[in-house]
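Text of the file model.txt, holding compact mmCIF, C-alpha atoms:
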# COMPACT_ATOMS: atom_id res chain seq x y z
CA MET Z 115 19.30 -27.78 -40.84
CA THR Z 116 18.78 -28.42 -44.60
CA ASP Z 117 17.71 -25.88 -47.19
CA THR Z 118 14.47 -27.82 -47.64
CA ASP Z 119 13.69 -27.61 -43.91
CA ALA Z 120 14.48 -23.91 -43.82
CA THR Z 121 12.03 -23.12 -46.59
CA ALA Z 122 9.31 -25.43 -45.40
CA GLY Z 123 8.88 -23.70 -42.02
CA PRO Z 124 8.35 -20.10 -43.10
CA ALA Z 125 6.30 -21.14 -46.11
CA ALA Z 126 3.83 -22.92 -43.83
CA ARG Z 127 3.21 -19.72 -41.89
CA PRO Z 128 0.63 -17.30 -43.35
CA ALA Z 129 2.10 -14.01 -44.51
CA GLY Z 130 1.89 -11.22 -41.95
CA ARG Z 131 1.35 -13.50 -38.94
CA ALA Z 132 3.93 -13.34 -36.16
CA ALA Z 133 5.91 -16.53 -35.68
CA THR Z 134 4.79 -18.85 -32.92
CA ILE Z 135 6.63 -21.36 -30.81
CA THR Z 136 5.09 -24.06 -33.04
CA ASP Z 137 6.65 -22.44 -36.12
CA VAL Z 138 10.05 -22.47 -34.47
CA ALA Z 139 9.61 -26.10 -33.42
CA ARG Z 140 8.63 -27.12 -36.95
CA LEU Z 141 11.61 -25.34 -38.51
CA ALA Z 142 14.04 -26.73 -35.93
CA GLY Z 143 12.59 -30.21 -36.15
CA VAL Z 144 11.85 -30.51 -32.44
CA ALA Z 145 8.85 -30.47 -30.12
CA ALA Z 146 7.39 -27.15 -29.00
CA SER Z 147 8.18 -28.08 -25.38
CA THR Z 148 11.86 -28.40 -26.32
CA VAL Z 149 11.78 -24.90 -27.83
CA SER Z 150 10.22 -23.60 -24.62
CA ARG Z 151 12.95 -25.20 -22.50
CA ALA Z 152 15.73 -23.99 -24.79
CA LEU Z 153 14.58 -20.37 -24.64
CA SER Z 154 13.63 -20.21 -20.96
CA ASN Z 155 16.06 -22.71 -19.38
CA PRO Z 156 18.94 -23.19 -21.84
CA ASP Z 157 20.92 -25.48 -19.55
CA ARG Z 158 18.19 -28.11 -19.81
CA VAL Z 159 18.75 -28.59 -23.59
CA ASN Z 160 21.95 -29.96 -25.20
CA ALA Z 161 24.13 -27.43 -27.01
CA VAL Z 162 23.54 -28.73 -30.55
CA THR Z 163 19.75 -28.73 -30.26
CA ARG Z 164 19.77 -25.38 -28.52
CA GLN Z 165 21.82 -23.83 -31.33
CA ARG Z 166 19.43 -25.20 -33.95
CA ILE Z 167 16.46 -23.76 -32.05
CA GLU Z 168 18.12 -20.36 -31.62
CA GLU Z 169 18.91 -20.22 -35.34
CA ALA Z 170 15.32 -21.10 -36.20
CA ALA Z 171 13.98 -18.47 -33.81
CA ALA Z 172 16.30 -15.83 -35.30
CA GLU Z 173 15.32 -16.76 -38.88
CA LEU Z 174 11.62 -16.43 -38.04
CA ALA Z 175 12.14 -13.28 -35.89
CA TYR Z 176 10.34 -15.12 -33.12
CA VAL Z 177 9.64 -13.11 -29.96
CA PRO Z 178 8.37 -15.12 -26.95
CA SER Z 179 5.18 -13.71 -25.47
CA SER Z 180 5.02 -12.88 -21.79
CA GLN Z 181 2.34 -15.53 -21.44
CA ALA Z 182 4.61 -18.14 -23.02
CA ARG Z 183 7.48 -17.17 -20.72
CA SER Z 184 5.14 -17.45 -17.79
CA LEU Z 185 4.03 -20.94 -18.81
CA ALA Z 186 7.63 -22.04 -19.31
CA SER Z 187 9.04 -20.69 -16.05
CA GLY Z 188 5.99 -20.70 -13.82
CA ARG Z 189 6.70 -17.01 -13.07
CA THR Z 190 5.35 -13.79 -14.56
CA GLY Z 191 8.10 -11.46 -13.34
CA THR Z 192 5.42 -9.17 -11.89
CA VAL Z 193 4.22 -8.26 -8.41
CA ALA Z 194 0.87 -6.59 -7.76
CA LEU Z 195 0.49 -3.71 -5.32
CA LEU Z 196 -3.11 -3.15 -4.21
CA VAL Z 197 -3.99 0.19 -2.57
CA PRO Z 198 -7.43 1.45 -1.44
CA ASP Z 199 -7.17 4.88 -3.08
CA ILE Z 200 -4.49 5.79 -5.59
CA ALA Z 201 -5.34 9.50 -5.21
CA ASN Z 202 -4.33 9.48 -1.54
CA PRO Z 203 -0.80 10.95 -1.26
CA PHE Z 204 -0.04 8.46 1.53
CA TYR Z 205 0.31 5.78 -1.14
CA PHE Z 206 2.60 7.83 -3.41
CA ASP Z 207 5.67 7.01 -1.33
CA LEU Z 208 4.56 3.43 -0.79
CA ILE Z 209 4.25 2.97 -4.57
CA ARG Z 210 7.64 4.60 -5.16
CA GLY Z 211 9.39 2.52 -2.51
CA SER Z 212 8.00 -0.80 -3.69
CA GLN Z 213 8.54 -0.04 -7.38
CA ARG Z 214 12.20 0.89 -6.92
CA GLN Z 215 12.87 -2.24 -4.90
CA LEU Z 216 11.08 -4.44 -7.42
CA ARG Z 217 12.88 -2.89 -10.38
CA ALA Z 218 16.22 -3.53 -8.71
CA ALA Z 219 15.24 -7.20 -8.37
CA GLY Z 220 14.14 -7.46 -12.01
CA TYR Z 221 10.39 -7.38 -11.37
CA THR Z 222 7.63 -5.21 -12.82
CA GLN Z 223 5.02 -3.69 -10.51
CA LEU Z 224 1.30 -3.93 -11.28
CA LEU Z 225 -0.62 -1.17 -9.49
CA VAL Z 226 -4.31 -1.65 -8.68
CA ASP Z 227 -6.69 0.85 -7.04
CA THR Z 228 -9.28 -1.16 -5.10
CA GLU Z 229 -11.46 1.94 -4.56
CA GLU Z 230 -11.91 1.36 -0.80
CA SER Z 231 -14.05 -1.64 -1.81
CA ARG Z 232 -13.84 -5.04 -0.13
CA GLU Z 233 -15.46 -6.66 -3.19
CA VAL Z 234 -13.01 -5.10 -5.66
CA GLU Z 235 -10.11 -6.13 -3.45
CA ALA Z 236 -11.29 -9.75 -3.20
CA ASP Z 237 -11.94 -9.99 -6.95
CA THR Z 238 -8.53 -8.50 -7.77
CA LEU Z 239 -6.73 -10.92 -5.47
CA GLU Z 240 -8.37 -13.82 -7.30
CA ILE Z 241 -7.28 -12.45 -10.68
CA MET Z 242 -3.72 -11.90 -9.43
CA ARG Z 243 -3.35 -15.57 -8.54
CA LYS Z 244 -2.57 -16.13 -12.24
CA SER Z 245 -1.40 -12.67 -13.27
CA ALA Z 246 1.32 -11.97 -10.68
CA ASP Z 247 3.95 -13.89 -8.76
CA GLY Z 248 2.91 -12.25 -5.52
CA VAL Z 249 0.85 -9.44 -3.99
CA ILE Z 250 1.52 -6.55 -1.62
CA LEU Z 251 -1.75 -5.54 -0.01
CA ALA Z 252 -1.90 -2.09 1.60
CA ALA Z 253 -4.51 -1.19 4.24
CA SER Z 254 -6.72 -4.12 3.32
CA ARG Z 255 -10.46 -3.81 3.86
CA LEU Z 256 -10.93 -7.61 3.86
CA ASP Z 257 -11.84 -9.40 7.07
CA GLU Z 258 -9.32 -11.61 8.86
CA GLU Z 259 -10.70 -14.89 7.50
CA GLN Z 260 -10.57 -13.65 3.89
CA LEU Z 261 -6.99 -12.43 4.26
CA ILE Z 262 -5.69 -15.61 5.86
CA ALA Z 263 -7.33 -17.63 3.08
CA ALA Z 264 -5.79 -15.38 0.41
CA ALA Z 265 -2.33 -15.71 1.96
CA ALA Z 266 -2.69 -19.50 1.89
CA ARG Z 267 -3.40 -19.39 -1.87
CA GLN Z 268 -0.68 -17.01 -3.02
CA PRO Z 269 2.50 -15.28 -1.81
CA LEU Z 270 1.25 -12.15 -0.04
CA VAL Z 271 2.54 -9.41 2.24
CA THR Z 272 0.26 -6.92 3.97
CA VAL Z 273 1.02 -3.33 4.93
CA ASN Z 274 -0.74 -2.03 8.05
CA ARG Z 275 -2.62 -5.23 8.78
CA ASP Z 276 -1.45 -7.68 11.44
CA LEU Z 277 -2.54 -11.30 11.04
CA PRO Z 278 -1.25 -14.65 12.36
CA ASP Z 279 1.16 -16.35 9.95
CA VAL Z 280 0.76 -13.64 7.28
CA PRO Z 281 3.90 -11.56 6.53
CA SER Z 282 3.15 -7.94 7.39
CA VAL Z 283 4.76 -4.51 7.57
CA LEU Z 284 3.29 -2.35 10.31
CA ILE Z 285 3.75 1.41 10.59
CA ASP Z 286 3.58 2.10 14.32
CA THR Z 287 1.03 4.92 14.25
CA PRO Z 288 -0.55 3.79 17.57
CA THR Z 289 2.65 4.93 19.31
CA GLY Z 290 2.60 8.08 17.17
CA VAL Z 291 -0.92 9.08 18.19
CA ARG Z 292 -0.01 8.46 21.83
CA GLN Z 293 2.80 10.98 21.33
CA ALA Z 294 0.27 13.35 19.77
CA LEU Z 295 -2.04 13.05 22.79
CA THR Z 296 0.86 13.63 25.17
CA HIS Z 297 1.84 16.70 23.12
CA LEU Z 298 -1.67 18.15 23.33
CA HIS Z 299 -1.87 17.35 27.03
CA SER Z 300 1.37 19.26 27.59
CA LEU Z 301 -0.25 22.26 25.92
CA GLY Z 302 -3.10 22.18 28.41
CA HIS Z 303 -5.74 20.32 26.40
CA ARG Z 304 -8.01 18.07 28.45
CA ARG Z 305 -11.00 17.63 26.08
CA ILE Z 306 -9.80 15.99 22.89
CA ALA Z 307 -11.59 14.24 20.01
CA TYR Z 308 -10.41 11.41 17.79
CA VAL Z 309 -11.68 11.96 14.23
CA ALA Z 310 -11.86 8.38 12.96
CA GLY Z 311 -11.25 6.93 9.51
CA PRO Z 312 -13.35 4.33 7.63
CA ALA Z 313 -15.41 1.89 9.67
CA GLY Z 314 -13.49 -1.07 8.20
CA SER Z 315 -10.04 0.40 8.77
CA TRP Z 316 -7.80 -1.80 10.93
CA SER Z 317 -5.40 1.13 11.43
CA SER Z 318 -8.13 3.46 12.65
CA ALA Z 319 -9.29 0.92 15.22
CA ARG Z 320 -5.73 0.40 16.52
CA ARG Z 321 -5.20 4.16 16.87
CA TRP Z 322 -8.42 4.53 18.83
CA GLU Z 323 -7.36 1.74 21.20
CA ALA Z 324 -3.98 3.41 21.77
CA LEU Z 325 -5.61 6.78 22.40
CA GLN Z 326 -8.03 5.33 24.92
CA ASP Z 327 -5.17 3.84 26.91
CA ALA Z 328 -3.18 7.08 26.81
CA ALA Z 329 -6.22 9.20 27.71
CA ALA Z 330 -6.85 7.09 30.80
CA GLU Z 331 -3.26 7.55 31.94
CA LEU Z 332 -3.30 11.32 31.30
CA GLU Z 333 -6.85 11.87 32.59
CA VAL Z 334 -8.01 13.32 29.28
CA ASP Z 335 -11.68 13.40 28.29
CA LEU Z 336 -11.54 11.63 24.91
CA THR Z 337 -14.38 11.70 22.37
CA PHE Z 338 -14.80 9.41 19.34
CA LEU Z 339 -16.18 11.07 16.19
CA GLY Z 340 -16.82 9.35 12.87
CA PRO Z 341 -16.28 7.22 10.91
CA TRP Z 342 -15.36 9.27 7.85
CA ALA Z 343 -13.86 8.56 4.45
CA PRO Z 344 -10.10 9.23 4.49
CA ASN Z 345 -10.18 12.17 2.07
CA ALA Z 346 -10.28 15.96 2.12
CA ALA Z 347 -13.90 16.11 0.94
CA ALA Z 348 -15.03 14.38 4.14
CA GLY Z 349 -13.16 17.00 6.17
CA ALA Z 350 -16.03 19.50 5.93
CA THR Z 351 -18.55 17.32 7.77
CA ALA Z 352 -15.85 16.15 10.18
CA ALA Z 353 -15.02 19.78 11.01
CA ASP Z 354 -18.69 20.60 11.58
CA SER Z 355 -18.98 17.63 13.93
CA VAL Z 356 -15.89 18.68 15.91
CA ALA Z 357 -17.10 22.29 16.09
CA SER Z 358 -20.36 21.12 17.71
CA ARG Z 359 -18.51 19.30 20.51
CA ASP Z 360 -16.99 20.62 23.70
CA VAL Z 361 -13.38 19.89 22.73
CA THR Z 362 -10.29 22.06 22.36
CA ALA Z 363 -8.22 19.73 20.17
CA CYS Z 364 -8.54 16.73 17.87
CA ILE Z 365 -6.34 13.96 16.50
CA VAL Z 366 -7.36 13.03 12.96
CA PHE Z 367 -7.13 9.65 11.23
CA ASN Z 368 -5.05 10.99 8.34
CA ASP Z 369 -3.66 14.21 6.92
CA LEU Z 370 -6.10 14.41 3.99
CA LEU Z 371 -9.06 14.46 6.35
CA ALA Z 372 -7.29 16.99 8.58
CA ILE Z 373 -6.49 19.28 5.63
CA GLY Z 374 -10.16 19.21 4.61
CA MET Z 375 -11.06 20.15 8.17
CA LEU Z 376 -8.69 23.13 8.15
CA LYS Z 377 -10.42 24.55 5.09
CA ARG Z 378 -13.90 24.18 6.58
CA LEU Z 379 -12.88 25.60 9.96
CA ALA Z 380 -11.44 28.67 8.22
CA GLN Z 381 -14.77 29.15 6.41
CA ARG Z 382 -16.54 29.06 9.76
CA GLY Z 383 -14.16 31.57 11.30
CA ILE Z 384 -12.73 29.05 13.77
CA ARG Z 385 -9.06 29.77 14.32
CA VAL Z 386 -6.45 27.01 14.33
CA PRO Z 387 -4.74 26.63 16.76
CA GLU Z 388 -6.11 29.53 18.84
CA ASP Z 389 -9.63 28.04 19.07
CA LEU Z 390 -8.93 24.44 18.14
CA SER Z 391 -5.71 22.45 17.76
CA ILE Z 392 -5.48 19.78 15.06
CA VAL Z 393 -3.01 16.90 14.68
CA GLY Z 394 -2.98 14.69 11.58
CA THR Z 395 -1.38 11.36 10.77
CA ASP Z 396 1.07 10.27 8.00
CA ASP Z 397 2.96 13.52 7.18
CA ILE Z 398 2.00 13.32 3.51
CA PHE Z 399 3.28 15.66 0.81
CA GLY Z 400 1.43 18.96 1.29
CA SER Z 401 0.86 18.69 5.03
CA ASP Z 402 3.41 21.47 5.56
CA PHE Z 403 1.93 23.64 2.77
CA CYS Z 404 -1.59 24.01 4.18
CA HIS Z 405 -2.65 26.88 6.45
CA PRO Z 406 -1.58 26.55 9.13
CA PRO Z 407 1.08 23.88 8.49
CA LEU Z 408 -0.13 20.64 10.02
CA THR Z 409 1.28 19.00 13.12
CA THR Z 410 1.27 15.31 12.24
CA VAL Z 411 2.58 11.83 13.00
CA SER Z 412 5.37 11.24 10.50
CA ALA Z 413 5.59 7.74 9.03
CA PRO Z 414 8.36 6.01 6.99
CA ILE Z 415 6.01 5.23 4.11
CA GLU Z 416 8.57 4.70 1.33
CA GLU Z 417 10.56 2.40 3.60
CA ALA Z 418 7.40 0.37 4.21
CA GLY Z 419 7.15 -0.25 0.46
CA ARG Z 420 10.77 -1.39 0.25
CA VAL Z 421 10.50 -3.68 3.26
CA ALA Z 422 7.28 -5.24 1.95
CA VAL Z 423 9.02 -6.10 -1.33
CA THR Z 424 12.02 -7.60 0.47
CA MET Z 425 9.73 -9.80 2.55
CA LEU Z 426 7.74 -10.91 -0.50
CA LEU Z 427 10.82 -11.71 -2.60
CA SER Z 428 12.17 -13.76 0.28
CA ARG Z 429 8.96 -15.75 0.17
CA LEU Z 430 9.26 -16.19 -3.61
CA SER Z 431 12.88 -17.31 -3.58
CA GLN Z 432 13.53 -21.02 -3.19
CA GLY Z 433 14.15 -21.82 0.41
CA GLY Z 434 13.44 -18.24 1.47
CA THR Z 435 11.96 -17.72 4.92
CA PRO Z 436 10.39 -14.27 5.17
CA ARG Z 437 10.02 -12.38 8.40
CA LEU Z 438 6.40 -12.52 9.51
CA ARG Z 439 6.31 -9.07 11.07
CA THR Z 440 8.26 -5.84 10.67
CA VAL Z 441 7.32 -2.76 12.70
CA LEU Z 442 8.50 0.65 11.52
CA PRO Z 443 8.64 3.53 14.04
CA THR Z 444 6.87 6.87 13.77
CA TYR Z 445 7.39 10.23 15.45
CA LEU Z 446 5.44 13.44 15.98
CA ARG Z 447 6.35 16.34 13.70
CA THR Z 448 5.23 19.54 15.42
CA ARG Z 449 4.07 22.43 13.24
CA GLU Z 450 1.66 25.34 13.64
CA SER Z 451 -1.76 23.63 13.80
CA SER Z 452 -1.29 22.71 17.47
CA GLY Z 453 -0.99 25.25 20.24
CA PRO Z 454 -1.94 26.00 23.85
CA ALA Z 455 -5.47 25.23 24.95
CA PRO Z 456 -7.81 28.25 25.14
CA SER Z 457 -7.20 29.94 28.50
CA ASN Z 458 -10.89 30.22 29.41
CA GLU Z 459 -14.29 29.00 28.32
CA GLU Z 460 -14.92 32.16 26.28
CA ASP Z 461 -11.93 31.28 24.10
CA ALA Z 462 -13.04 27.68 23.58
CA LEU Z 463 -15.43 26.42 20.93

How would this structure read if it were set down as structure tokens?
Amino acid sequence: MTDTDATAGPAARPAGRAATITDVARLAGVAASTVSRALSNPDRVNAVTRQRIEEAAAELAYVPSSQARSLASGRTGTVALLVPDIANPFYFDLIRGSQRQLRAAGYTQLLVDTEESREVEADTLEIMRKSADGVILAASRLDEEQLIAAAARQPLVTVNRDLPDVPSVLIDTPTGVRQALTHLHSLGHRRIAYVAGPAGSWSSARRWEALQDAAAELEVDLTFLGPWAPNAAAGATAADSVASRDVTACIVFNDLLAIGMLKRLAQRGIRVPEDLSIVGTDDIFGSDFCHPPLTTVSAPIEEAGRVAVTMLLSRLSQGGTPRLRTVLPTYLRTRESSGPAPSNEEDAL
């Protein structure tokens, strides 16, 4: 590089403007595409040219933008995690598990709250086709056709959604709620309600199917109530609905809804578990702090996040063949919100 070349490059750049890849190319006397290759894939450029480019970049204090790196490599180094409600503690562990696994692999996690909205979810997936290398989609509200189409367009792994040819991580809550029904049956309960989650929830539908099968085997009178939003605020109306029915126990779609129910039942003077037993699902942080502590189906949520990342990175790696389906077991964690059925009709609701 001559002294004349060295002065010509910086002088052509307006004062105060950050150096661009074009500035580096001009100073090094090469094409911008060669600069891009030298900085992103050094082995593709001969040593002499690469050294000249590196010296030019250092002289200009050039810093490649993330967009430029993306264009050069075809990768962004990011993975998007889409969740329906970031305020739901269920997703805290999922976020933590996926983020730790991604960081260990050198990726950055983009977190998006889709607000329980099918439209927001679909729009975000379209944006992430260019903004992220892949997507982990938790508890999707999209229909089957939309999800299969999305998985054909971009690397994608679902959590708690089972689709043909789409990699998925399933938390086996259907088996967990069957355990919950068996537990309540062993305590003498024969009239039990299922307090359902959102109408579009795939998980809620699967749990109801599992409960129906178990109820038939155990000769339990099972009642479907709902749907309700999966949050504590909806627990008040859910509790009022349960209190108006001839049931002695209920299995609730998730812990947030169950915790909201506990608060409302206490306001109404309905004792748990003496008058009504309640079982939640997920074993979220706080489920053992409420009054009474909640019996619930415990799920390996953080592990689900880690496994989803492993499956996605396998898809992203050259020649990788991801597993299409991983099922994680659950178990019933018994606490104080479930107890013996009322001994006579006067004790029941």

Self-check item: Nearby residues (all atoms listed in the file) at most 8 Å from Ala328 (chain Z), same-chain spacing under 6 positions excluded, as a list in words
Solution: Arg292, Leu295 and Thr296 of chain Z

Practice problem: Choose the residue, out of Z:Val361, Z:Leu301, Z:Ala347, Z:Leu379, that has the smallest atom-to-atom separation from Gly453 (chain Z); count all atoms listed in the file. | Solution: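 Distance minimum relative to Gly453 (chain Z) lands on Z:Leu301.
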
Quiz prompt | Polymer residues at most 7 Å from Arg449 (chain Z), all atoms listed in the file, same-chain spacing of 3 or more positions, as a count of residues only | solution = 4

Exercise. Go through Z:Ala413, Z:Thr136, Z:Leu174, Z:Ser147 and flag the residue nearest Tyr205 (chain Z), using only C-alpha atoms for the distances.
Key: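 Smallest separation from Tyr205 (chain Z) among the options: Z:Ala413.
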
Exercise. Go ahead and compute the interatomic distance for CA of Thr134 (chain Z) and CA of Arg166 (chain Z), in Å to one decimal.
Key: 16.0 Å

Exercise. Would you list the contacts of Pro312 (chain Z) as a list in words, taking every protein, DNA or RNA residue within 6 Å and counting only C-alpha atoms, but skipping same-chain residues closer than 4 positions in sequence?
Key: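 Those residues are Pro341, Trp342 and Ala343 of chain Z.
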
Near Gly220 (chain Z), within 9 Å and counting all atoms listed in the file, which residues show up once chain neighbours fewer than 4 positions away are dropped, as an mmCIF file with C-alpha atoms, keeping the file's coordinate frame?
data_model
loop_
_atom_site.group_PDB
_atom_site.id
_atom_site.type_symbol
_atom_site.label_atom_id
_atom_site.label_comp_id
_atom_site.auth_asym_id
_atom_site.auth_seq_id
_atom_site.Cartn_x
_atom_site.Cartn_y
_atom_site.Cartn_z
ATOM 1 C CA GLY Z 191 8.100 -11.460 -13.340
ATOM 2 C CA THR Z 192 5.420 -9.170 -11.890
ATOM 3 C CA GLN Z 215 12.870 -2.240 -4.900
ATOM 4 C CA LEU Z 216 11.080 -4.440 -7.420
#

Quiz prompt | Of the listed residues Z:Arg189, Z:His297, Z:Arg382, Z:Arg429, that which approaches Cys364 (chain Z) most closely, counting all atoms listed in the file | solution = Z:His297

Quiz prompt | Counting all atoms listed in the file, the option among Z:Leu270, Z:Ala372, Z:Ala357, Z:Leu284 closest to Asp389 (chain Z) | solution = Z:Ala357

Self-check item: Nearest to Glu323 (chain Z), chosen from Z:Ala353, Z:Thr289, Z:Gln381, Z:Ala346, with only C-alpha atoms counted in the distances
Solution: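 The closest residue to Glu323 (chain Z) is Z:Thr289.
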
Self-check item: Atom-to-atom span, CA of Asn345 (chain Z) and CA of Phe206 (chain Z), Å
Solution: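 Between these atoms lies a distance of 14.6 Å.
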
Self-check item: Among listed residues Z:Ser212, Z:Thr448, Z:Ser231, Z:Ser245, nearest Asp397 (chain Z) (using all atoms listed in the file)
Solution: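 Among Z:Ser212, Z:Thr448, Z:Ser231, Z:Ser245, it is Z:Thr448 that comes nearest to Asp397 (chain Z).
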
Quiz prompt | Residues within 8 Å of Pro198 (chain Z), all atoms listed in the file, excluding chain neighbours under 3 positions, as a VMD selection string | solution = chain Z and resid 227 to 231 252 to 254

Would you write out those residues with C-alpha atoms, as a PDB file, in the coordinates of the input?
ATOM      1  CA  ASP Z 227      -6.690   0.850  -7.040  1.00  0.00           C
ATOM      2  CA  THR Z 228      -9.280  -1.160  -5.100  1.00  0.00           C
ATOM      3  CA  GLU Z 229     -11.460   1.940  -4.560  1.00  0.00           C
ATOM      4  CA  GLU Z 230     -11.910   1.360  -0.800  1.00  0.00           C
ATOM      5  CA  SER Z 231     -14.050  -1.640  -1.810  1.00  0.00           C
ATOM      6  CA  ALA Z 252      -1.900  -2.090   1.600  1.00  0.00           C
ATOM      7  CA  ALA Z 253      -4.510  -1.190   4.240  1.00  0.00           C
ATOM      8  CA  SER Z 254      -6.720  -4.120   3.320  1.00  0.00           C
TER       9      SER Z 254
END

Self-check item: Computed interatomic separation between CA of Val309 (chain Z) and CA of Ala455 (chain Z) (Å)
Solution: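 The value is 18.2 Å.
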
To test the calculation: enclose all listed atoms of region 351-359 of chain Z in a box whose edges run along x, y and z, add 6 Å on each side, then state centre and edge lengths in Å to one decimal, as AutoDock Vina command-line options.
--center_x -17.7 --center_y 19.2 --center_z 14.1 --size_x 17.3 --size_y 18.1 --size_z 24.7
